[in-house]
$ cat target.txt   # compact mmCIF, C-alpha atoms
# COMPACT_ATOMS: atom_id res chain seq x y z
CA MET Y 102 0.00 0.00 0.00
CA ASP Y 103 2.86 2.34 -0.78
CA SER Y 104 3.97 4.42 -3.76
CA LEU Y 105 6.78 6.71 -4.81
CA LEU Y 106 6.88 10.36 -5.72
CA LEU Y 107 9.99 11.05 -7.86
CA GLY Y 108 11.07 14.13 -9.48
CA GLY Y 109 11.98 -2.47 -25.90
CA SER Y 110 13.69 -5.50 -26.17
CA VAL Y 111 13.32 -8.35 -23.70
CA PHE Y 112 16.29 -10.23 -22.32
CA GLU Y 113 15.78 -13.97 -22.33
CA VAL Y 114 18.60 -15.01 -20.03
CA ALA Y 115 18.67 -18.39 -18.36
CA ARG Y 116 19.66 -18.17 -14.73
CA PRO Y 117 20.60 -20.98 -12.40
CA ARG Y 118 18.85 -19.64 -9.38
CA LEU Y 119 16.08 -22.27 -9.25
CA ALA Y 120 18.74 -24.78 -8.32
CA GLY Y 121 20.62 -22.40 -6.09
CA PHE Y 122 18.04 -20.73 -3.90
CA ARG Y 123 19.07 -20.48 -0.30
CA ARG Y 124 17.02 -22.99 1.62
CA ARG Y 125 17.20 -22.34 5.32
CA ARG Y 126 15.12 -24.93 7.08
CA SER Y 127 13.44 -23.49 10.14
CA SER Y 128 13.89 -25.38 13.38
CA ALA Y 129 10.14 -25.07 13.80
CA LEU Y 130 9.65 -26.97 10.56
CA ARG Y 131 11.85 -29.82 11.75
CA VAL Y 132 9.43 -30.61 14.52
CA ALA Y 133 6.78 -33.07 13.43
CA ALA Y 134 3.22 -31.87 13.81
CA GLN Y 135 1.38 -33.25 16.79
CA ALA Y 136 -0.81 -36.23 16.06
CA GLY Y 137 -4.00 -34.99 14.45
CA GLU Y 138 -2.86 -31.36 14.56
CA PRO Y 139 -3.10 -29.54 11.20
CA ASP Y 140 0.27 -28.53 9.76
CA LEU Y 141 0.32 -24.92 8.52
CA SER Y 142 3.86 -24.99 7.11
CA VAL Y 143 4.34 -24.20 3.43
CA LYS Y 144 7.18 -24.37 0.94
CA VAL Y 145 7.06 -21.72 -1.77
CA ASN Y 146 9.71 -21.37 -4.48
CA GLY Y 147 12.08 -23.30 -2.23
CA LEU Y 148 11.37 -21.03 0.76
CA GLU Y 149 10.05 -22.75 3.87
CA MET Y 150 7.63 -20.90 6.15
CA PRO Y 151 6.01 -22.06 9.40
CA ASN Y 152 2.64 -20.82 8.15
CA PRO Y 153 1.25 -19.13 5.01
CA PHE Y 154 0.69 -15.73 6.65
CA VAL Y 155 2.95 -13.02 5.28
CA ILE Y 156 3.27 -9.39 6.35
CA GLY Y 157 2.35 -7.39 3.23
CA SER Y 158 4.56 -4.53 2.08
CA GLY Y 159 3.65 -1.29 3.83
CA PRO Y 160 3.85 0.29 7.30
CA PRO Y 161 3.98 -3.10 9.14
CA GLY Y 162 7.38 -3.71 7.47
CA THR Y 163 8.84 -0.24 7.60
CA ASN Y 164 11.87 -0.73 9.90
CA TYR Y 165 13.89 -3.25 11.90
CA THR Y 166 11.81 -2.86 15.07
CA VAL Y 167 8.45 -3.66 13.52
CA MET Y 168 9.78 -6.45 11.29
CA LYS Y 169 11.45 -8.07 14.31
CA ARG Y 170 8.12 -7.84 16.12
CA ALA Y 171 6.45 -9.64 13.22
CA PHE Y 172 8.95 -12.50 13.39
CA ASP Y 173 8.65 -12.67 17.18
CA GLU Y 174 4.86 -12.94 16.93
CA GLY Y 175 5.15 -15.83 14.47
CA TRP Y 176 4.37 -14.48 11.01
CA GLY Y 177 5.41 -16.91 8.28
CA ALA Y 178 7.34 -14.27 6.35
CA VAL Y 179 7.78 -10.51 6.19
CA ILE Y 180 7.77 -8.31 3.10
CA ALA Y 181 9.45 -5.00 3.89
CA LYS Y 182 8.09 -1.65 2.81
CA THR Y 183 9.13 -0.84 -0.75
CA VAL Y 184 12.60 0.65 -1.17
CA SER Y 185 14.38 2.43 -4.02
CA LEU Y 186 17.87 3.81 -4.44
CA ASP Y 187 17.04 7.45 -3.64
CA ALA Y 188 14.74 7.89 -0.66
CA ALA Y 189 15.50 11.61 -0.46
CA LYS Y 190 12.78 12.30 -3.01
CA VAL Y 191 10.13 10.55 -0.92
CA ILE Y 192 8.17 13.04 1.18
CA ASN Y 193 5.02 11.87 2.94
CA VAL Y 194 2.14 14.02 4.21
CA THR Y 195 -0.13 13.74 7.23
CA PRO Y 196 -2.92 12.78 7.49
CA ARG Y 197 -2.50 10.15 4.80
CA TYR Y 198 -5.21 7.65 5.71
CA ALA Y 199 -9.01 7.72 5.61
CA ARG Y 200 -11.43 5.04 6.80
CA LEU Y 201 -14.87 3.83 5.79
CA ARG Y 202 -17.14 2.39 8.47
CA ALA Y 203 -20.21 0.24 8.15
CA ALA Y 204 -23.42 1.51 9.67
CA GLY Y 205 -23.38 1.17 13.43
CA SER Y 206 -25.77 -1.04 15.37
CA ASN Y 207 -28.22 0.09 18.08
CA GLY Y 208 -28.07 3.67 16.88
CA SER Y 209 -24.29 3.90 16.99
CA ALA Y 210 -22.82 6.27 14.42
CA LYS Y 211 -19.61 4.25 14.16
CA GLY Y 212 -19.70 0.67 12.93
CA PRO Y 213 -16.73 -1.57 12.13
CA ILE Y 214 -14.07 -0.35 9.70
CA ILE Y 215 -14.63 -1.98 6.30
CA GLY Y 216 -12.53 0.26 4.04
CA TRP Y 217 -9.16 2.01 4.32
CA GLU Y 218 -7.60 4.47 1.90
CA ASN Y 219 -3.96 5.53 1.92
CA ILE Y 220 -1.96 8.11 0.00
CA GLU Y 221 1.29 6.91 1.52
CA LEU Y 222 4.48 6.64 -0.49
CA ILE Y 223 7.24 4.05 -0.35
CA SER Y 224 9.93 4.04 2.33
CA ASP Y 225 11.30 7.48 3.14
CA ARG Y 226 14.16 6.01 5.16
CA PRO Y 227 17.67 6.21 3.63
CA PHE Y 228 18.46 3.25 1.40
CA GLU Y 229 21.57 2.35 3.37
CA THR Y 230 19.55 2.32 6.57
CA MET Y 231 17.08 -0.15 5.12
CA LEU Y 232 19.94 -2.32 3.87
CA ASN Y 233 21.38 -2.40 7.38
CA ASP Y 234 17.97 -3.40 8.75
CA PHE Y 235 17.80 -6.29 6.27
CA LYS Y 236 21.27 -7.50 7.26
CA ARG Y 237 20.51 -7.30 10.96
CA LEU Y 238 17.23 -9.17 10.59
CA LYS Y 239 18.84 -11.98 8.59
CA GLU Y 240 21.62 -12.27 11.17
CA GLU Y 241 19.09 -12.56 14.00
CA PHE Y 242 16.52 -14.67 12.11
CA PRO Y 243 18.55 -16.73 9.62
CA ASP Y 244 15.83 -19.35 9.21
CA ARG Y 245 12.94 -16.91 8.71
CA ILE Y 246 11.86 -15.55 5.34
CA LEU Y 247 12.51 -11.87 4.65
CA ILE Y 248 11.35 -10.49 1.30
CA ALA Y 249 12.43 -7.11 -0.07
CA SER Y 250 9.87 -5.06 -1.96
CA ILE Y 251 11.61 -2.89 -4.55
CA MET Y 252 10.68 -0.28 -7.15
CA GLU Y 253 12.67 1.99 -9.42
CA GLU Y 254 12.39 4.44 -12.27
CA TYR Y 255 12.57 3.29 -15.88
CA ASN Y 256 16.32 2.75 -15.92
CA LYS Y 257 18.00 -0.62 -16.38
CA ALA Y 258 21.18 0.33 -14.55
CA ALA Y 259 19.23 1.61 -11.55
CA TRP Y 260 17.06 -1.50 -11.38
CA GLN Y 261 20.05 -3.82 -11.53
CA GLU Y 262 22.04 -1.83 -8.97
CA LEU Y 263 19.05 -1.96 -6.65
CA ILE Y 264 18.76 -5.72 -7.07
CA GLU Y 265 22.45 -6.36 -6.52
CA ARG Y 266 22.75 -4.23 -3.39
CA VAL Y 267 19.60 -5.54 -1.76
CA GLU Y 268 20.45 -9.14 -2.55
CA GLU Y 269 23.81 -8.73 -0.83
CA THR Y 270 22.01 -8.26 2.49
CA GLY Y 271 20.85 -11.87 2.46
CA VAL Y 272 17.14 -11.35 1.82
CA ASP Y 273 15.36 -14.48 0.63
CA ALA Y 274 13.30 -13.11 -2.26
CA PHE Y 275 12.10 -9.99 -4.05
CA GLU Y 276 8.59 -8.66 -4.50
CA ILE Y 277 8.52 -6.16 -7.36
CA ASN Y 278 6.12 -3.28 -6.86
CA PHE Y 279 4.44 -3.02 -10.27
CA SER Y 280 1.16 -1.94 -8.76
CA CYS Y 281 1.01 1.15 -6.53
CA PRO Y 282 -1.95 3.20 -7.78
CA HIS Y 283 -0.61 6.63 -6.80
CA GLY Y 284 2.72 8.41 -7.22
CA MET Y 285 4.48 9.48 -10.42
CA PRO Y 286 3.29 7.33 -13.35
CA GLU Y 287 5.07 9.65 -15.79
CA ARG Y 288 8.31 8.19 -14.44
CA LYS Y 289 7.08 4.70 -15.36
CA MET Y 290 6.80 3.36 -11.84
CA GLY Y 291 4.29 1.30 -9.86
CA ALA Y 292 0.95 0.67 -11.56
CA ALA Y 293 2.17 2.49 -14.66
CA VAL Y 294 4.32 -0.60 -15.29
CA GLY Y 295 1.74 -3.16 -14.24
CA GLN Y 296 -0.78 -1.63 -16.64
CA ASP Y 297 1.58 -1.69 -19.64
CA CYS Y 298 2.51 -5.25 -20.62
CA ASP Y 299 5.28 -4.16 -23.02
CA LEU Y 300 6.93 -2.07 -20.32
CA LEU Y 301 6.40 -4.82 -17.77
CA GLU Y 302 8.03 -7.39 -20.03
CA GLU Y 303 11.08 -5.21 -20.58
CA ILE Y 304 11.61 -4.40 -16.89
CA CYS Y 305 11.03 -8.03 -15.84
CA GLY Y 306 13.78 -8.90 -18.31
CA TRP Y 307 16.17 -6.50 -16.60
CA ILE Y 308 15.25 -7.84 -13.16
CA ASN Y 309 15.46 -11.53 -13.96
CA GLU Y 310 18.75 -11.07 -15.80
CA LYS Y 311 20.28 -9.94 -12.51
CA ALA Y 312 18.41 -11.56 -9.62
CA THR Y 313 19.54 -14.92 -8.25
CA ILE Y 314 16.75 -15.33 -5.67
CA PRO Y 315 13.00 -15.79 -6.28
CA VAL Y 316 11.09 -12.85 -7.77
CA TRP Y 317 7.38 -12.19 -7.20
CA ALA Y 318 5.62 -9.60 -9.35
CA LYS Y 319 2.92 -7.69 -7.46
CA MET Y 320 -0.10 -7.06 -9.68
CA THR Y 321 -2.40 -4.05 -9.86
CA PRO Y 322 -6.18 -4.58 -9.80
CA ASN Y 323 -6.62 -1.30 -11.68
CA ILE Y 324 -6.70 -3.03 -15.05
CA THR Y 325 -9.32 -4.74 -17.23
CA ASP Y 326 -7.74 -8.20 -17.36
CA ILE Y 327 -5.27 -8.96 -14.56
CA THR Y 328 -4.23 -12.23 -16.18
CA GLN Y 329 -2.42 -10.39 -18.97
CA PRO Y 330 0.33 -8.77 -16.83
CA ALA Y 331 0.50 -11.86 -14.61
CA ARG Y 332 1.16 -14.01 -17.66
CA VAL Y 333 3.82 -11.60 -18.94
CA ALA Y 334 5.60 -11.54 -15.57
CA LEU Y 335 5.72 -15.33 -15.34
CA LYS Y 336 6.82 -15.77 -18.95
CA SER Y 337 9.56 -13.18 -18.33
CA GLY Y 338 11.09 -15.30 -15.58
CA CYS Y 339 9.34 -14.31 -12.35
CA GLU Y 340 8.79 -17.27 -10.02
CA GLY Y 341 5.54 -15.94 -8.65
CA VAL Y 342 2.89 -13.25 -8.66
CA ALA Y 343 1.12 -11.48 -5.80
CA ALA Y 344 -2.35 -9.97 -6.07
CA ILE Y 345 -3.88 -7.59 -5.39
CA ASN Y 346 -2.40 -4.24 -4.51
CA THR Y 347 -4.77 -1.48 -3.48
CA ILE Y 348 -7.62 -0.19 -5.65
CA MET Y 349 -7.59 3.41 -6.89
CA SER Y 350 -10.17 5.32 -4.89
CA VAL Y 351 -11.53 8.52 -3.41
CA MET Y 352 -12.65 7.70 0.11
CA GLY Y 353 -15.28 10.41 0.32
CA ILE Y 354 -16.19 14.05 0.72
CA ASN Y 355 -16.67 15.75 4.06
CA LEU Y 356 -20.19 17.17 3.74
CA ASP Y 357 -19.49 19.86 6.33
CA THR Y 358 -16.30 21.25 4.79
CA LEU Y 359 -16.97 20.06 1.20
CA ARG Y 360 -13.35 18.85 1.06
CA PRO Y 361 -12.14 15.35 0.08
CA GLU Y 362 -10.67 12.83 2.52
CA PRO Y 363 -7.92 12.35 3.59
CA CYS Y 364 -7.64 16.12 3.74
CA VAL Y 365 -4.20 17.76 3.69
CA GLU Y 366 -4.34 21.55 3.97
CA GLY Y 367 -7.77 21.44 2.36
CA TYR Y 368 -6.76 19.21 -0.56
CA SER Y 369 -6.39 15.52 -1.33
CA THR Y 370 -5.36 13.09 -4.07
CA PRO Y 371 -6.77 9.70 -5.09
CA GLY Y 372 -5.21 6.82 -3.19
CA GLY Y 373 -5.23 3.07 -2.65
CA TYR Y 374 -8.25 1.31 -1.13
CA SER Y 375 -7.88 -1.76 1.09
CA ALA Y 376 -9.41 -3.63 4.06
CA ARG Y 377 -12.47 -5.86 4.28
CA ALA Y 378 -14.44 -4.17 1.49
CA VAL Y 379 -11.91 -5.22 -1.19
CA HIS Y 380 -11.89 -8.90 -0.23
CA PRO Y 381 -14.45 -10.11 -2.82
CA ILE Y 382 -12.67 -8.16 -5.56
CA ALA Y 383 -9.34 -9.64 -4.54
CA LEU Y 384 -10.80 -13.16 -4.56
CA GLY Y 385 -12.07 -12.60 -8.09
CA LYS Y 386 -8.69 -11.40 -9.34
CA VAL Y 387 -6.82 -14.23 -7.62
CA MET Y 388 -9.25 -16.75 -9.08
CA GLN Y 389 -8.58 -15.41 -12.59
CA ILE Y 390 -4.81 -15.57 -12.13
CA ALA Y 391 -4.95 -19.04 -10.56
CA ARG Y 392 -6.99 -20.45 -13.46
CA MET Y 393 -4.58 -18.96 -15.97
CA MET Y 394 -1.57 -20.36 -14.10
CA LYS Y 395 -3.11 -23.82 -13.88
CA GLU Y 396 -3.86 -23.88 -17.60
CA GLU Y 397 -0.62 -22.36 -18.90
CA PHE Y 398 2.17 -22.97 -16.38
CA ASN Y 399 3.61 -25.80 -14.31
CA ASP Y 400 3.46 -26.06 -10.53
CA GLY Y 401 6.78 -24.29 -10.02
CA GLN Y 402 5.30 -20.79 -9.99
CA SER Y 403 3.60 -19.40 -6.90
CA LEU Y 404 0.66 -17.13 -6.12
CA SER Y 405 0.32 -14.89 -3.07
CA GLY Y 406 -3.21 -13.69 -2.25
CA ILE Y 407 -3.78 -10.22 -0.83
CA GLY Y 408 -6.90 -8.28 0.10
CA GLY Y 409 -9.07 -7.81 3.17
CA VAL Y 410 -7.76 -10.68 5.28
CA GLU Y 411 -8.75 -10.36 8.95
CA THR Y 412 -9.77 -13.93 9.80
CA GLY Y 413 -8.54 -17.45 9.19
CA ASN Y 414 -11.60 -18.06 7.01
CA ASP Y 415 -10.63 -15.09 4.81
CA ALA Y 416 -7.26 -16.74 4.30
CA ALA Y 417 -8.80 -20.15 3.64
CA GLU Y 418 -10.73 -18.65 0.72
CA PHE Y 419 -7.52 -17.49 -0.97
CA LEU Y 420 -5.90 -20.87 -0.39
CA LEU Y 421 -8.93 -22.70 -1.77
CA LEU Y 422 -8.53 -20.65 -4.95
CA GLY Y 423 -4.93 -21.80 -5.31
CA ALA Y 424 -2.85 -19.22 -3.45
CA ASN Y 425 0.31 -20.54 -1.78
CA THR Y 426 0.54 -17.73 0.76
CA VAL Y 427 -1.72 -14.98 2.11
CA GLN Y 428 -0.54 -11.44 2.79
CA VAL Y 429 -1.89 -9.09 5.45
CA CYS Y 430 -1.09 -5.38 5.71
CA THR Y 431 -4.11 -3.23 6.60
CA GLY Y 432 -5.32 -5.95 8.96
CA VAL Y 433 -2.12 -5.56 10.98
CA MET Y 434 -2.57 -1.79 11.06
CA MET Y 435 -6.04 -2.27 12.55
CA HIS Y 436 -5.49 -5.30 14.82
CA GLY Y 437 -1.75 -5.43 15.55
CA TYR Y 438 0.96 -8.04 15.02
CA PRO Y 439 -0.60 -10.64 17.40
CA LEU Y 440 -3.32 -11.07 14.75
CA VAL Y 441 -1.26 -13.92 13.29
CA LYS Y 442 -2.06 -16.15 16.26
CA LYS Y 443 -5.78 -15.71 15.66
CA LEU Y 444 -5.33 -16.33 11.94
CA CYS Y 445 -3.43 -19.56 12.56
CA GLU Y 446 -5.95 -20.91 15.06
CA GLU Y 447 -8.92 -20.08 12.86
CA LEU Y 448 -7.26 -21.65 9.83
CA LYS Y 449 -6.54 -24.78 11.87
CA ASP Y 450 -10.20 -24.88 12.95
CA PHE Y 451 -11.24 -24.81 9.30
CA MET Y 452 -8.79 -27.61 8.51
CA ARG Y 453 -10.02 -29.75 11.42
CA LYS Y 454 -13.61 -29.31 10.27
CA HIS Y 455 -12.74 -30.84 6.90
CA ASN Y 456 -10.07 -33.28 8.13
CA PHE Y 457 -7.28 -31.54 6.22
CA SER Y 458 -3.82 -32.23 7.60
CA SER Y 459 -1.84 -29.78 5.44
CA ILE Y 460 -2.36 -26.68 3.29
CA GLU Y 461 -1.72 -28.72 0.16
CA ASP Y 462 -4.66 -30.99 1.05
CA PHE Y 463 -7.07 -28.24 0.04
CA ARG Y 464 -5.10 -25.61 -1.86
CA GLY Y 465 -6.95 -24.89 -5.11
CA ALA Y 466 -9.83 -27.24 -4.22
CA SER Y 467 -12.51 -24.66 -5.08
CA LEU Y 468 -10.98 -23.57 -8.38
CA PRO Y 469 -12.60 -26.29 -10.55
CA TYR Y 470 -16.06 -25.07 -9.55
CA PHE Y 471 -15.82 -21.84 -11.55
CA THR Y 472 -17.19 -21.97 -15.05
CA THR Y 473 -18.97 -19.82 -17.66
CA HIS Y 474 -22.50 -18.51 -17.37
CA THR Y 475 -23.44 -20.55 -20.44
CA ASP Y 476 -22.27 -23.69 -18.68
CA LEU Y 477 -24.23 -22.76 -15.55
CA VAL Y 478 -27.41 -22.52 -17.63
CA LYS Y 479 -26.71 -25.91 -19.21
CA ARG Y 480 -26.00 -27.52 -15.84
CA GLN Y 481 -29.17 -26.13 -14.29
CA GLN Y 482 -31.34 -27.25 -17.21
CA GLU Y 483 -29.93 -30.76 -16.91
CA ALA Y 484 -30.48 -30.79 -13.14
CA ILE Y 485 -34.10 -29.68 -13.58
CA LYS Y 486 -34.64 -32.42 -16.15
CA GLN Y 487 -33.26 -35.03 -13.75
CA ARG Y 488 -35.40 -33.79 -10.85
CA LYS Y 489 -38.51 -33.94 -13.01
CA ALA Y 490 -37.66 -37.48 -14.06
CA ILE Y 491 -37.31 -38.52 -10.42
CA ARG Y 492 -40.66 -36.93 -9.51
CA LYS Y 493 -42.42 -38.74 -12.35
CA GLY Y 494 -41.47 -42.08 -10.85
CA LEU Y 495 -41.70 -45.22 -12.98
CA GLN Y 496 -42.29 -44.71 -16.65
CA SER Y 497 -43.84 -48.14 -17.36
CA ASP Y 498 -45.28 -51.21 -15.60
CA LYS Y 499 -42.26 -53.16 -16.70
CA ASP Y 500 -40.05 -50.96 -14.48
CA TRP Y 501 -41.49 -52.29 -11.19
CA THR Y 502 -39.18 -54.50 -9.15
CA GLY Y 503 -39.93 -56.67 -6.18
CA ASP Y 504 -37.07 -55.44 -4.00
CA GLY Y 505 -37.77 -51.74 -4.41
CA PHE Y 506 -41.55 -51.90 -4.49
CA VAL Y 507 -42.20 -49.58 -1.51
CA LYS Y 508 -39.80 -46.87 -2.65
CA GLU Y 509 -41.09 -47.14 -6.18
CA SER Y 510 -44.61 -46.60 -4.92
CA GLU Y 511 -43.58 -43.57 -2.86
CA SER Y 512 -41.81 -42.04 -5.86
CA MET Y 513 -45.19 -41.53 -7.51
CA VAL Y 514 -47.06 -40.08 -4.53
CA SER Y 515 -47.78 -36.34 -4.79
CA ASN Y 516 -48.26 -35.43 -1.13

$ encode --input "target.txt" --output "structure tokens"
Amino acid sequence: MDSLLLGGSVFEVARPRLAGFRRRRSSALRVAAQAGEPDLSVKVNGLEMPNPFVIGSGPPGTNYTVMKRAFDEGWGAVIAKTVSLDAAKVINVTPRYARLRAAGSNGSAKGPIIGWENIELISDRPFETMLNDFKRLKEEFPDRILIASIMEEYNKAAWQELIERVEETGVDAFEINFSCPHGMPERKMGAAVGQDCDLLEEICGWINEKATIPVWAKMTPNITDITQPARVALKSGCEGVAAINTIMSVMGINLDTLRPEPCVEGYSTPGGYSARAVHPIALGKVMQIARMMKEEFNDGQSLSGIGGVETGNDAAEFLLLGANTVQVCTGVMMHGYPLVKKLCEELKDFMRKHNFSSIEDFRGASLPYFTTHTDLVKRQQEAIKQRKAIRKGLQSDKDWTGDGFVKESESMVSN
């Protein structure tokens, strides 16, 4: 939920990193699950996590202190707030958030928060400082997964320098921010890349020519067909995609002041929308990507679901659609880092209900049940025909049998 305010040919280069990813096996993963206890551990692009819950890029991953807190609380992985080479050009404003509440109950004017808009930019901390944070975290948590979110201007040398310097810190993977809805699109950054497949293909070529650790491309929902950029990213060498980033929005207008929210010195700018209200949209986008991946790619690529996750059941929905991991950002901002414990317990409850012992037991299980409207009509017509046939009972005297005589009689009773 961050962006940046800053003032082709495709390279098809084979890289050996699939065979050379760092695989640090967590001590927690070495311990066998208790008898009958669901196992939440996942392995994604060679990276092992104790559970599928990942801190999404944004304020919850903005510095060493908060990322350490996330690991201490038990999050499966952490994606840091997006960094670029020159943080000096990043200047945030306050206030930079606005919330949408549902109608309150029992006459209350304030119901639960269902929507959250931000106009926040990417990390404003010096690049070297963030690099030091990455190094320190990997020294203290060598078996935990730390993912760097990165974004740069349209410049091959800058992109590749960024990749090289961040990778030297020991991070386990990259998430490429091709999806922030606000910032400076004229500099070909964020969603401006994710919405232009030619540009995306070129920049993915630069990235995958240099990177030696897994690369996830983060997709924008602000596009007609999200499968198009997802397909381009995967064909250009990315090991995974993440979806969705925030949705371009205007939270609302203050009807007393007639000014938009969030209001900064009387003015505002469109921003990114997140929280519970975007969950159904995110599920739809993830479903589309998952179907495309299943049809066109092998099982080596991964999918990370993002959008409105506040409960274990929310996460289960993403996993049932085929996601390997589930990211949470706004949910942490509203409920705190201990939220992961609740998410894990609720996901385990879901798994116990259905006798699932691992995430892979049910990952993608709901995907085959999506079809076209034409097929729905055909299926319903056939079902109606079968129900009518059952209600009609026996068609001829020759159909009576001795063994099923009572049931056959009842099949032709009308009341």

$ closest_residue --input "target.txt" --among "Y:Glu149, Y:Ser280, Y:Asn309, Y:Ile246" --to "Y:Ile264" --atoms "only C-alpha atoms"
Y:Asn309

$ closest_residue --input "target.txt" --among "Y:Met434, Y:Val478, Y:Met388, Y:Ala203" --to "Y:Ala466" --atoms "only C-alpha atoms"
Y:Met388

$ closest_residue --input "target.txt" --among "Y:Ile348, Y:Leu263, Y:Leu300, Y:Ile192" --to "Y:Gly216" --atoms "all atoms listed in the file"
Y:Ile348

$ residues_around --input "target.txt" --residues "stretch 444-455 of chain Y" --least-positions-apart "5" --cutoff "12 Å" --atoms "all atoms listed in the file" --output "number ranges by chain"
Y: 137-142, 151-155, 174-177, 410-421, 427-429, 432-433, 436, 438-439, 460-464

$ write_last_selection --input "target.txt" --atoms "C-alpha atoms" --output "mmCIF file, keeping the file's coordinate frame"
data_model
loop_
_atom_site.group_PDB
_atom_site.id
_atom_site.type_symbol
_atom_site.label_atom_id
_atom_site.label_comp_id
_atom_site.auth_asym_id
_atom_site.auth_seq_id
_atom_site.Cartn_x
_atom_site.Cartn_y
_atom_site.Cartn_z
ATOM 1 C CA GLY Y 137 -4.000 -34.990 14.450
ATOM 2 C CA GLU Y 138 -2.860 -31.360 14.560
ATOM 3 C CA PRO Y 139 -3.100 -29.540 11.200
ATOM 4 C CA ASP Y 140 0.270 -28.530 9.760
ATOM 5 C CA LEU Y 141 0.320 -24.920 8.520
ATOM 6 C CA SER Y 142 3.860 -24.990 7.110
ATOM 7 C CA PRO Y 151 6.010 -22.060 9.400
ATOM 8 C CA ASN Y 152 2.640 -20.820 8.150
ATOM 9 C CA PRO Y 153 1.250 -19.130 5.010
ATOM 10 C CA PHE Y 154 0.690 -15.730 6.650
ATOM 11 C CA VAL Y 155 2.950 -13.020 5.280
ATOM 12 C CA GLU Y 174 4.860 -12.940 16.930
ATOM 13 C CA GLY Y 175 5.150 -15.830 14.470
ATOM 14 C CA TRP Y 176 4.370 -14.480 11.010
ATOM 15 C CA GLY Y 177 5.410 -16.910 8.280
ATOM 16 C CA VAL Y 410 -7.760 -10.680 5.280
ATOM 17 C CA GLU Y 411 -8.750 -10.360 8.950
ATOM 18 C CA THR Y 412 -9.770 -13.930 9.800
ATOM 19 C CA GLY Y 413 -8.540 -17.450 9.190
ATOM 20 C CA ASN Y 414 -11.600 -18.060 7.010
ATOM 21 C CA ASP Y 415 -10.630 -15.090 4.810
ATOM 22 C CA ALA Y 416 -7.260 -16.740 4.300
ATOM 23 C CA ALA Y 417 -8.800 -20.150 3.640
ATOM 24 C CA GLU Y 418 -10.730 -18.650 0.720
ATOM 25 C CA PHE Y 419 -7.520 -17.490 -0.970
ATOM 26 C CA LEU Y 420 -5.900 -20.870 -0.390
ATOM 27 C CA LEU Y 421 -8.930 -22.700 -1.770
ATOM 28 C CA VAL Y 427 -1.720 -14.980 2.110
ATOM 29 C CA GLN Y 428 -0.540 -11.440 2.790
ATOM 30 C CA VAL Y 429 -1.890 -9.090 5.450
ATOM 31 C CA GLY Y 432 -5.320 -5.950 8.960
ATOM 32 C CA VAL Y 433 -2.120 -5.560 10.980
ATOM 33 C CA HIS Y 436 -5.490 -5.300 14.820
ATOM 34 C CA TYR Y 438 0.960 -8.040 15.020
ATOM 35 C CA PRO Y 439 -0.600 -10.640 17.400
ATOM 36 C CA ILE Y 460 -2.360 -26.680 3.290
ATOM 37 C CA GLU Y 461 -1.720 -28.720 0.160
ATOM 38 C CA ASP Y 462 -4.660 -30.990 1.050
ATOM 39 C CA PHE Y 463 -7.070 -28.240 0.040
ATOM 40 C CA ARG Y 464 -5.100 -25.610 -1.860
#

$ residues_around --input "target.txt" --residues "Y:Glu229" --least-positions-apart "2" --cutoff "10 Å" --atoms "all atoms listed in the file" --output "PyMOL selection string"
chain Y and resi 186-188+226-227+231-235+266-267

$ residues_around --input "target.txt" --residues "Y:Glu221" --least-positions-apart "3" --cutoff "12 Å" --atoms "all atoms listed in the file" --output "short mmCIF file (atom, residue, chain, number, x, y, z; two decimals) with C-alpha atoms, in the coordinates of the input"
data_model
loop_
_atom_site.label_atom_id
_atom_site.label_comp_id
_atom_site.auth_asym_id
_atom_site.auth_seq_id
_atom_site.Cartn_x
_atom_site.Cartn_y
_atom_site.Cartn_z
CA MET Y 102 0.00 0.00 0.00
CA ASP Y 103 2.86 2.34 -0.78
CA SER Y 104 3.97 4.42 -3.76
CA LEU Y 105 6.78 6.71 -4.81
CA LEU Y 106 6.88 10.36 -5.72
CA SER Y 158 4.56 -4.53 2.08
CA GLY Y 159 3.65 -1.29 3.83
CA PRO Y 160 3.85 0.29 7.30
CA LYS Y 182 8.09 -1.65 2.81
CA THR Y 183 9.13 -0.84 -0.75
CA VAL Y 191 10.13 10.55 -0.92
CA ILE Y 192 8.17 13.04 1.18
CA ASN Y 193 5.02 11.87 2.94
CA VAL Y 194 2.14 14.02 4.21
CA THR Y 195 -0.13 13.74 7.23
CA PRO Y 196 -2.92 12.78 7.49
CA ARG Y 197 -2.50 10.15 4.80
CA TYR Y 198 -5.21 7.65 5.71
CA ALA Y 199 -9.01 7.72 5.61
CA TRP Y 217 -9.16 2.01 4.32
CA GLU Y 218 -7.60 4.47 1.90
CA SER Y 224 9.93 4.04 2.33
CA ASP Y 225 11.30 7.48 3.14
CA CYS Y 281 1.01 1.15 -6.53
CA PRO Y 282 -1.95 3.20 -7.78
CA HIS Y 283 -0.61 6.63 -6.80
CA GLY Y 284 2.72 8.41 -7.22
CA THR Y 347 -4.77 -1.48 -3.48
CA PRO Y 363 -7.92 12.35 3.59
CA SER Y 369 -6.39 15.52 -1.33
CA THR Y 370 -5.36 13.09 -4.07
CA PRO Y 371 -6.77 9.70 -5.09
CA GLY Y 372 -5.21 6.82 -3.19
CA GLY Y 373 -5.23 3.07 -2.65
CA TYR Y 374 -8.25 1.31 -1.13
#

$ closest_residue --input "target.txt" --among "Y:Cys430, Y:Ala189, Y:Ala259, Y:Cys364" --to "Y:Ile156" --atoms "all atoms listed in the file"
Y:Cys430

$ residues_around --input "target.txt" --residues "Y:Met394" --least-positions-apart "4" --cutoff "9 Å" --atoms "only C-alpha atoms" --output "list in words"
Thr328, Ala331, Arg332, Leu335, Gln389, Ile390, Phe398, Asn399, Asp400, Gln402, Ser403 and Leu404 of chain Y
